[in-house]
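Everything on this sheet refers to the single structure shown next.
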Amino acid sequence: MRSLLFRATQCLQVLVPQVLLAIFMVKSTLADPAHGIAMYGAPALPPDFVSLPYANPDAPSGGTVVTGNVGGFDSLNPFQLTGAPPWQLRYFAYESLMGRSWDEPFTLYGLLAESVETGPNREWVEFTLRPEARFSDGTPVTPDDVIWSFRTIGTEGHLRYRDLWSKVETIEQTGPRSVRLTFNAAEQDLALLAGLRPILKKDQWTQTAFVDGAINDIPIGTAPYVVASYEVNRNVVLRRNPDYWGKDLPLRRGTNNFDEIRIEFYGDNAVLKEAFKGGAVSYVREFNAEKWETQYDFPAVQRGDIIKSEIPHQMPSGITGFVMNTRHAPLDDWRVRDALLHAFNFEYINDTLTGGRQPRITSYFSGSILAMQPGPAPDAVRTLLEPFRNSLLPGALEGYALPEGDGTQRNRGNIRKALNLLQEAGWTPQDGVMRNAEGKALELTAVLQQDGLIQQATSIMEIYARALERLGIKLSIESIDKAQYAERERTYDFDLTFIRRALSLSPGNEQYFYWGADGVDNPGSRNLMGMNSPAAEAMIAAMLSADTREAFITATRALDRVLISGRYVIPIHQYSVGRVAHIRQLHYPEDRLPIYGDGVGFLPEVWWYADE
């Protein structure tokens, strides 16, 4: 008996370490804490990286940069559902658990969090906070702040933050500095989206409900800049926090180099451009290639005091143009939308306004690997779309291309096709007016906001209105201020309006917010066209559940086909290169541009001031 016990004990002594080692190896394989996380594959930068590849780690610090916004503001809280804050605040004044590298399609590196780990299928994600992470008032960032931020912004904040929260099954503190989120949906990007959620100070909101915050209730964040002063509808001054906790992080070296960022507000784009010419603004972006070539030769440019910089990128085109609100008849009829697309004489408009220098957007992801391919859908794409064949519009499977005009002002061939489409939809010209069987005239209203892009959009609409007159369609154009426009957009009170959706090389959950059925009836969504497409939602789901880059590309190309063949937007030209005119004292790393070009993480984040 003793012999048997001795041998059993010996076996256990041998087996236990092996079992423990096996368990450890499995755990290490499934969930090792890491310095970064990529949507697919591994992060490009090693754990000991010095700085982002497009930042200059030796950039000097100092100086003031002044940027201009058109319109006004009535809030300094970019996370509330109501109010119109300066858009820059979200990016300059607040931080998240992780930060993006804009030189990779979708990769995050530790910011407030020193590490991230996930389950084998990313069914959960755990972040461990840096012990040195601090709010701007000097207090430490705690797991309690993280949990409160996720829960409060996810339930009471802006709609853009709520979709992620609806997919969080549990959120809990798992250690002195660790928080774990477990998801109820199998979507690859949820762990990354969680890493990008802003973290605010819980104790600031013990006396005031978050939803009731006034303009003076400026959320306390952890970022390099804090709001130093403001005058409603006039300016906001952001000043760099001298005690910023993260200035030595690799993710921050060579970034946030200015002592002060001033945001000045102007009534319209023309006034802003004159302020720039007069030296009151440090830089402007020009979206019109013709103006860039012909109107930037004023004395300051000739003297070299103003520099013209062109910043290439590798991003998808996104969609820019005029969205048609399908909540309103007759725009709920695809044939009417198709007729309006044919009547839009892009070739003539582009030549008139931009000298033909800017190519047209041909799909939502044109110019990138994610764009649908010409012609019939390839087998892999067709397999995804086939179950929705009966609800897809013509062209989704067979191949779709935007109407092309002959370049002349009259656009006769496309006007003739537009007339045929309208007649198929039950509209006929009667005494020069397009009417339906009940005798109702076809009249549309385009609602536009007064700002830089929209100023050009107004000129486009004026040309378009004259073309529609030939079809007996009346197009009224309303150009209104930012506050009025925000309410009209929120309640979908328009027939046509300007749309700009910048799309990344790694589109994700935001696609539901842009095109999902929940946005049809819920005010304030980004689904301006009111599309309700089971096919689109299925393609988004396929994108989010894809476990390989190839499957992801296939699903995105399928989504692209559903969107462009849906005929929801009249696309205009691409912005294939960023055009920035700036004072000569502003510099950027010209030899190491990120693949996202002049995006959110570029100007002013990696620029610097030097009087040389």
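The way I read the labels, and the way they are meant: chains A, B, ... in the order of the structure tokens, residue 1 as the first residue of every chain, and ligand 1 as the first ligand shown, with later ones counted on from there.
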Contact table region 251-340 of chain A vs region 516-534 of chain A, cut-off 8 Å, shortest pair per residue, only C-alpha atoms, as a Markdown table:
```
| residue | atom | partner | partner_atom | distance |
| --- | --- | --- | --- | --- |
| A:Val323 | CA | A:Met529 | CA | 6.0 |
| A:Met324 | CA | A:Met529 | CA | 5.6 |
| A:Asn325 | CA | A:Met529 | CA | 4.4 |
| A:Thr326 | CA | A:Gly530 | CA | 5.6 |
| A:Arg327 | CA | A:Gly530 | CA | 5.9 |
```
*asked:* Set the distance at 6 Å and use only C-alpha atoms: which residues neighbour Thr107 (chain A) once local chain neighbours fewer than 6 positions away are removed? I'd like the list as a ChimeraX atom specification.
replied: /A:37-38,100
Put those residues in a file: N, CA and C atoms, as a PDB file, in the first residue's frame.
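Wrote it out as out_10.pdb, contents follow:
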```
ATOM      1  N   ILE A  37      -2.852  46.705 -30.025  1.00  0.00           N
ATOM      2  CA  ILE A  37      -3.791  45.755 -30.611  1.00  0.00           C
ATOM      3  C   ILE A  37      -4.155  46.234 -32.011  1.00  0.00           C
ATOM      4  N   ALA A  38      -4.161  45.298 -32.964  1.00  0.00           N
ATOM      5  CA  ALA A  38      -4.519  45.611 -34.344  1.00  0.00           C
ATOM      6  C   ALA A  38      -5.811  44.902 -34.698  1.00  0.00           C
ATOM      7  N   ARG A 100      -4.558  55.925 -31.446  1.00  0.00           N
ATOM      8  CA  ARG A 100      -4.366  55.384 -32.791  1.00  0.00           C
ATOM      9  C   ARG A 100      -3.006  55.733 -33.360  1.00  0.00           C
TER      10      ARG A 100
END
```
*Which residues come within 7 Å of region 69-85 of chain A, counting only C-alpha atoms, excluding same-chain residues fewer than 5 positions away, as number ranges by chain?*
A: 90, 153, 157-159, 211, 215, 218-219, 232-234, 263-269, 451, 481-482
*asked:* I need the helix (DSSP H, G or I) residues of region 367-571 of chain A per DSSP on the backbone, written as a PyMOL selection string.
replied: chain A and resi 379-391+412-424+452-469+482-490+510-515+517-519+534-545+549-565
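Nearest to Asp259 (chain A) of all the residues A:Gly63, A:Gly356, A:Pro224, A:Gly439 is A:Gly63, counting only C-alpha atoms.
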*Phe135 (chain A): which residues within 10 Å, counting only C-alpha atoms, same-chain residues fewer than 4 positions away excluded, as JSON, numbers by chain?*
{"A": [94, 95, 139, 140, 141, 142, 199, 200, 201, 220, 221, 222, 223, 224, 243, 244, 245]}
Just write the chosen residues, all heavy atoms, as a compact mmCIF listing (two decimals), in the first residue's frame.
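Writing the result to result.txt gives the following:
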```
# COMPACT_ATOMS: atom_id res chain seq x y z
N TYR A 94 -9.34 65.54 -24.76
CA TYR A 94 -9.74 64.32 -24.06
C TYR A 94 -8.98 63.12 -24.61
O TYR A 94 -8.62 63.08 -25.77
CB TYR A 94 -11.26 64.11 -24.18
CG TYR A 94 -12.01 65.28 -23.59
CD1 TYR A 94 -12.49 66.30 -24.41
CD2 TYR A 94 -12.16 65.40 -22.21
CE1 TYR A 94 -13.10 67.41 -23.87
CE2 TYR A 94 -12.78 66.51 -21.67
CZ TYR A 94 -13.25 67.52 -22.50
OH TYR A 94 -13.85 68.61 -21.95
N GLU A 95 -8.76 62.16 -23.71
CA GLU A 95 -8.01 60.97 -24.09
C GLU A 95 -8.82 59.71 -23.81
O GLU A 95 -9.80 59.72 -23.08
CB GLU A 95 -6.70 60.90 -23.30
CG GLU A 95 -5.66 61.89 -23.76
CD GLU A 95 -4.36 61.76 -23.01
OE1 GLU A 95 -4.38 61.46 -21.79
OE2 GLU A 95 -3.30 61.98 -23.63
N THR A 139 -5.51 64.50 -10.18
CA THR A 139 -5.99 63.29 -9.52
C THR A 139 -5.79 62.08 -10.42
O THR A 139 -5.83 62.18 -11.65
CB THR A 139 -7.48 63.43 -9.15
OG1 THR A 139 -8.23 63.70 -10.35
CG2 THR A 139 -7.69 64.55 -8.16
N PRO A 140 -5.57 60.90 -9.83
CA PRO A 140 -5.32 59.70 -10.65
C PRO A 140 -6.56 59.21 -11.36
O PRO A 140 -7.69 59.39 -10.89
CB PRO A 140 -4.83 58.68 -9.61
CG PRO A 140 -5.43 59.13 -8.33
CD PRO A 140 -5.46 60.63 -8.39
N VAL A 141 -6.33 58.57 -12.50
CA VAL A 141 -7.41 57.91 -13.24
C VAL A 141 -7.59 56.52 -12.63
O VAL A 141 -6.62 55.76 -12.50
CB VAL A 141 -7.07 57.79 -14.73
CG1 VAL A 141 -8.21 57.11 -15.48
CG2 VAL A 141 -6.78 59.16 -15.33
N THR A 142 -8.81 56.19 -12.25
CA THR A 142 -9.08 54.93 -11.56
C THR A 142 -10.00 54.04 -12.38
O THR A 142 -10.71 54.52 -13.29
CB THR A 142 -9.74 55.20 -10.20
OG1 THR A 142 -11.08 55.70 -10.43
CG2 THR A 142 -8.95 56.22 -9.38
N ILE A 199 -12.35 58.88 -21.50
CA ILE A 199 -12.44 58.65 -20.07
C ILE A 199 -12.51 60.00 -19.36
O ILE A 199 -11.63 60.85 -19.51
CB ILE A 199 -11.23 57.84 -19.56
CG1 ILE A 199 -11.11 56.52 -20.32
CG2 ILE A 199 -11.36 57.60 -18.06
CD1 ILE A 199 -12.33 55.63 -20.26
N LEU A 200 -13.58 60.19 -18.58
CA LEU A 200 -13.82 61.43 -17.85
C LEU A 200 -13.77 61.17 -16.35
O LEU A 200 -13.77 60.02 -15.90
CB LEU A 200 -15.19 62.02 -18.24
CG LEU A 200 -15.44 62.22 -19.73
CD1 LEU A 200 -16.83 62.80 -19.96
CD2 LEU A 200 -14.38 63.09 -20.36
N LYS A 201 -13.75 62.25 -15.59
CA LYS A 201 -13.64 62.16 -14.13
C LYS A 201 -15.02 62.00 -13.50
O LYS A 201 -15.87 62.90 -13.59
CB LYS A 201 -12.94 63.41 -13.60
CG LYS A 201 -12.68 63.41 -12.10
CD LYS A 201 -11.93 64.68 -11.71
CE LYS A 201 -11.82 64.82 -10.20
NZ LYS A 201 -10.95 63.79 -9.62
N ILE A 220 -13.75 67.29 -17.21
CA ILE A 220 -12.33 67.18 -16.86
C ILE A 220 -11.76 65.95 -17.56
O ILE A 220 -12.27 64.83 -17.41
CB ILE A 220 -12.14 67.06 -15.35
CG1 ILE A 220 -12.62 68.35 -14.66
CG2 ILE A 220 -10.68 66.80 -14.99
CD1 ILE A 220 -12.61 68.28 -13.15
N GLY A 221 -10.71 66.17 -18.34
CA GLY A 221 -10.09 65.08 -19.07
C GLY A 221 -8.65 64.89 -18.67
O GLY A 221 -8.18 65.42 -17.65
N THR A 222 -7.93 64.12 -19.48
CA THR A 222 -6.54 63.77 -19.16
C THR A 222 -5.57 64.23 -20.23
O THR A 222 -4.38 63.93 -20.14
CB THR A 222 -6.42 62.24 -19.03
OG1 THR A 222 -6.73 61.65 -20.30
CG2 THR A 222 -7.33 61.70 -17.97
N ALA A 223 -6.05 64.94 -21.26
CA ALA A 223 -5.26 65.21 -22.46
C ALA A 223 -4.24 66.33 -22.26
O ALA A 223 -4.26 67.03 -21.24
CB ALA A 223 -6.19 65.57 -23.62
N PRO A 224 -3.35 66.53 -23.25
CA PRO A 224 -2.34 67.59 -23.13
C PRO A 224 -2.93 68.99 -23.03
O PRO A 224 -2.29 69.88 -22.47
CB PRO A 224 -1.53 67.43 -24.42
CG PRO A 224 -1.75 66.03 -24.86
CD PRO A 224 -3.14 65.69 -24.43
N ASP A 243 1.71 70.28 -16.59
CA ASP A 243 1.87 69.09 -15.78
C ASP A 243 1.27 67.85 -16.44
O ASP A 243 0.95 66.87 -15.76
CB ASP A 243 1.21 69.31 -14.40
CG ASP A 243 1.82 70.48 -13.64
OD1 ASP A 243 3.06 70.61 -13.67
OD2 ASP A 243 1.06 71.26 -13.05
N TYR A 244 1.10 67.93 -17.76
CA TYR A 244 0.49 66.80 -18.46
C TYR A 244 1.24 65.51 -18.15
O TYR A 244 2.46 65.42 -18.31
CB TYR A 244 0.48 67.06 -19.97
CG TYR A 244 0.09 65.86 -20.79
CD1 TYR A 244 -1.13 65.21 -20.55
CD2 TYR A 244 0.93 65.36 -21.78
CE1 TYR A 244 -1.50 64.10 -21.29
CE2 TYR A 244 0.56 64.26 -22.54
CZ TYR A 244 -0.65 63.62 -22.28
OH TYR A 244 -1.01 62.51 -23.02
N TRP A 245 0.52 64.52 -17.72
CA TRP A 245 1.09 63.29 -17.19
C TRP A 245 1.81 62.44 -18.25
O TRP A 245 2.76 61.71 -17.93
CB TRP A 245 -0.02 62.44 -16.57
CG TRP A 245 -0.93 61.86 -17.62
CD1 TRP A 245 -2.02 62.45 -18.17
CD2 TRP A 245 -0.79 60.59 -18.25
NE1 TRP A 245 -2.59 61.64 -19.12
CE2 TRP A 245 -1.84 60.48 -19.19
CE3 TRP A 245 0.12 59.53 -18.14
CZ2 TRP A 245 -2.02 59.36 -20.00
CZ3 TRP A 245 -0.05 58.42 -18.95
CH2 TRP A 245 -1.11 58.34 -19.86
```
*If we count only C-alpha atoms, what is near region 458-462 of chain A at a cut-off of 12 Å, once residues fewer than 5 positions away on the same chain are taken out, given as a ChimeraX atom specification?*
/A:321-322,343-354,444-453,467-469,474-480,496-498,570-573
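For the atom pair formed by CA of Ala542 (chain A) and CA of Ile319 (chain A), the distance is 21.1 Å, given to one decimal.
With only C-alpha atoms as the atoms that count, the minimum distance from Arg412 (chain A) to the choices A:Leu164, A:Leu111, A:Leu471, A:Asn121 is reached by A:Leu471.
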*Option closest in space to Phe258 (chain A), from A:Trp124, A:Tyr230, A:Phe49, A:Tyr225 [counting only C-alpha atoms]*: A:Tyr225
*Please run DSSP on the backbone and report, as a ChimeraX atom specification, all residues within region 125-272 of chain A that come out as strand (DSSP E or B).*
/A:125-129,134,140,157,168-175,178-183,198,225-231,235-240,260-266
Per residue of region 364-452 of chain A within 12 Å of region 309-314 of chain A, record the nearest atom pair and its distance in Å to one decimal, counting only C-alpha atoms, with rows in chain order and ascending residue number, as a tab-separated table.
```
residue	atom	partner	partner_atom	distance
A:Phe365	CA	A:Gln314	CA	11.0
A:Ser366	CA	A:Gln314	CA	10.5
A:Gly367	CA	A:Gln314	CA	7.7
A:Ser368	CA	A:Gln314	CA	7.0
A:Ile369	CA	A:Gln314	CA	9.7
A:Leu370	CA	A:Gln314	CA	11.4
```
Just write the chosen residues, N, CA, C and O atoms, as a PDB file, in the first residue's frame.
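File part_37.pdb, as written:
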```
ATOM      1  N   PHE A 365     -16.030  53.608 -51.125  1.00  0.00           N
ATOM      2  CA  PHE A 365     -14.648  53.301 -50.743  1.00  0.00           C
ATOM      3  C   PHE A 365     -13.700  53.440 -51.931  1.00  0.00           C
ATOM      4  O   PHE A 365     -12.640  52.813 -51.954  1.00  0.00           O
ATOM      5  N   SER A 366     -14.062  54.269 -52.907  1.00  0.00           N
ATOM      6  CA  SER A 366     -13.241  54.368 -54.110  1.00  0.00           C
ATOM      7  C   SER A 366     -11.847  54.866 -53.779  1.00  0.00           C
ATOM      8  O   SER A 366     -11.635  55.596 -52.822  1.00  0.00           O
ATOM      9  N   GLY A 367     -10.898  54.409 -54.589  1.00  0.00           N
ATOM     10  CA  GLY A 367      -9.510  54.791 -54.387  1.00  0.00           C
ATOM     11  C   GLY A 367      -8.781  53.929 -53.381  1.00  0.00           C
ATOM     12  O   GLY A 367      -7.647  54.223 -53.026  1.00  0.00           O
ATOM     13  N   SER A 368      -9.418  52.859 -52.909  1.00  0.00           N
ATOM     14  CA  SER A 368      -8.777  52.000 -51.909  1.00  0.00           C
ATOM     15  C   SER A 368      -9.044  50.540 -52.238  1.00  0.00           C
ATOM     16  O   SER A 368      -9.876  50.197 -53.082  1.00  0.00           O
ATOM     17  N   ILE A 369      -8.367  49.661 -51.523  1.00  0.00           N
ATOM     18  CA  ILE A 369      -8.533  48.221 -51.724  1.00  0.00           C
ATOM     19  C   ILE A 369      -9.922  47.749 -51.307  1.00  0.00           C
ATOM     20  O   ILE A 369     -10.376  46.670 -51.692  1.00  0.00           O
ATOM     21  N   LEU A 370     -10.642  48.564 -50.544  1.00  0.00           N
ATOM     22  CA  LEU A 370     -11.965  48.185 -50.050  1.00  0.00           C
ATOM     23  C   LEU A 370     -13.070  48.453 -51.066  1.00  0.00           C
ATOM     24  O   LEU A 370     -14.208  48.030 -50.858  1.00  0.00           O
TER      25      LEU A 370
END
```
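With only C-alpha atoms as the atoms that count, the residue of A:Leu340, A:Ala502, A:Ala55, A:Val226 with the shortest distance to Leu251 (chain A) is A:Ala55.
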*Residue contacts of region 337-339 of chain A (6 Å, only C-alpha atoms) excluding same-chain residues fewer than 3 positions away, as a PyMOL selection string*: chain A and resi 331+334+342+418+421
Mind writing the picked residues with N, CA, C and O atoms as a PDB file, in the first residue's frame?
```pdb
ATOM      1  N   LEU A 331     -38.899  60.529 -52.813  1.00  0.00           N
ATOM      2  CA  LEU A 331     -37.527  60.037 -52.777  1.00  0.00           C
ATOM      3  C   LEU A 331     -37.440  58.619 -52.216  1.00  0.00           C
ATOM      4  O   LEU A 331     -36.367  58.014 -52.223  1.00  0.00           O
ATOM      5  N   TRP A 334     -36.811  54.456 -55.769  1.00  0.00           N
ATOM      6  CA  TRP A 334     -35.455  54.455 -56.298  1.00  0.00           C
ATOM      7  C   TRP A 334     -35.392  55.002 -57.718  1.00  0.00           C
ATOM      8  O   TRP A 334     -34.369  55.548 -58.145  1.00  0.00           O
ATOM      9  N   HIS A 342     -29.272  61.049 -62.803  1.00  0.00           N
ATOM     10  CA  HIS A 342     -29.042  61.298 -64.232  1.00  0.00           C
ATOM     11  C   HIS A 342     -29.101  62.782 -64.563  1.00  0.00           C
ATOM     12  O   HIS A 342     -28.365  63.256 -65.442  1.00  0.00           O
ATOM     13  N   ALA A 418     -33.532  60.462 -67.509  1.00  0.00           N
ATOM     14  CA  ALA A 418     -34.201  60.887 -66.281  1.00  0.00           C
ATOM     15  C   ALA A 418     -35.707  60.996 -66.499  1.00  0.00           C
ATOM     16  O   ALA A 418     -36.511  60.585 -65.648  1.00  0.00           O
ATOM     17  N   LEU A 421     -37.277  57.556 -66.520  1.00  0.00           N
ATOM     18  CA  LEU A 421     -37.354  56.991 -65.170  1.00  0.00           C
ATOM     19  C   LEU A 421     -38.501  57.613 -64.376  1.00  0.00           C
ATOM     20  O   LEU A 421     -39.223  56.916 -63.651  1.00  0.00           O
TER      21      LEU A 421
END
```
_I'd like the contact shell of region 181-187 of chain A - 10 Å cut-off, only C-alpha atoms, skipping same-chain residues fewer than 5 positions apart - returned as a count of residues only._
32
*For Lys417 (chain A), which residue among A:Ala457, A:Leu341, A:Ile361, A:Met315 is the nearest when counting only C-alpha atoms?*
A:Leu341
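Of the residues listed (A:Leu196, A:Val336, A:Val179, A:Val562), A:Val562 shows the shortest atom-to-atom separation from Ser363 (chain A); distances use only C-alpha atoms.
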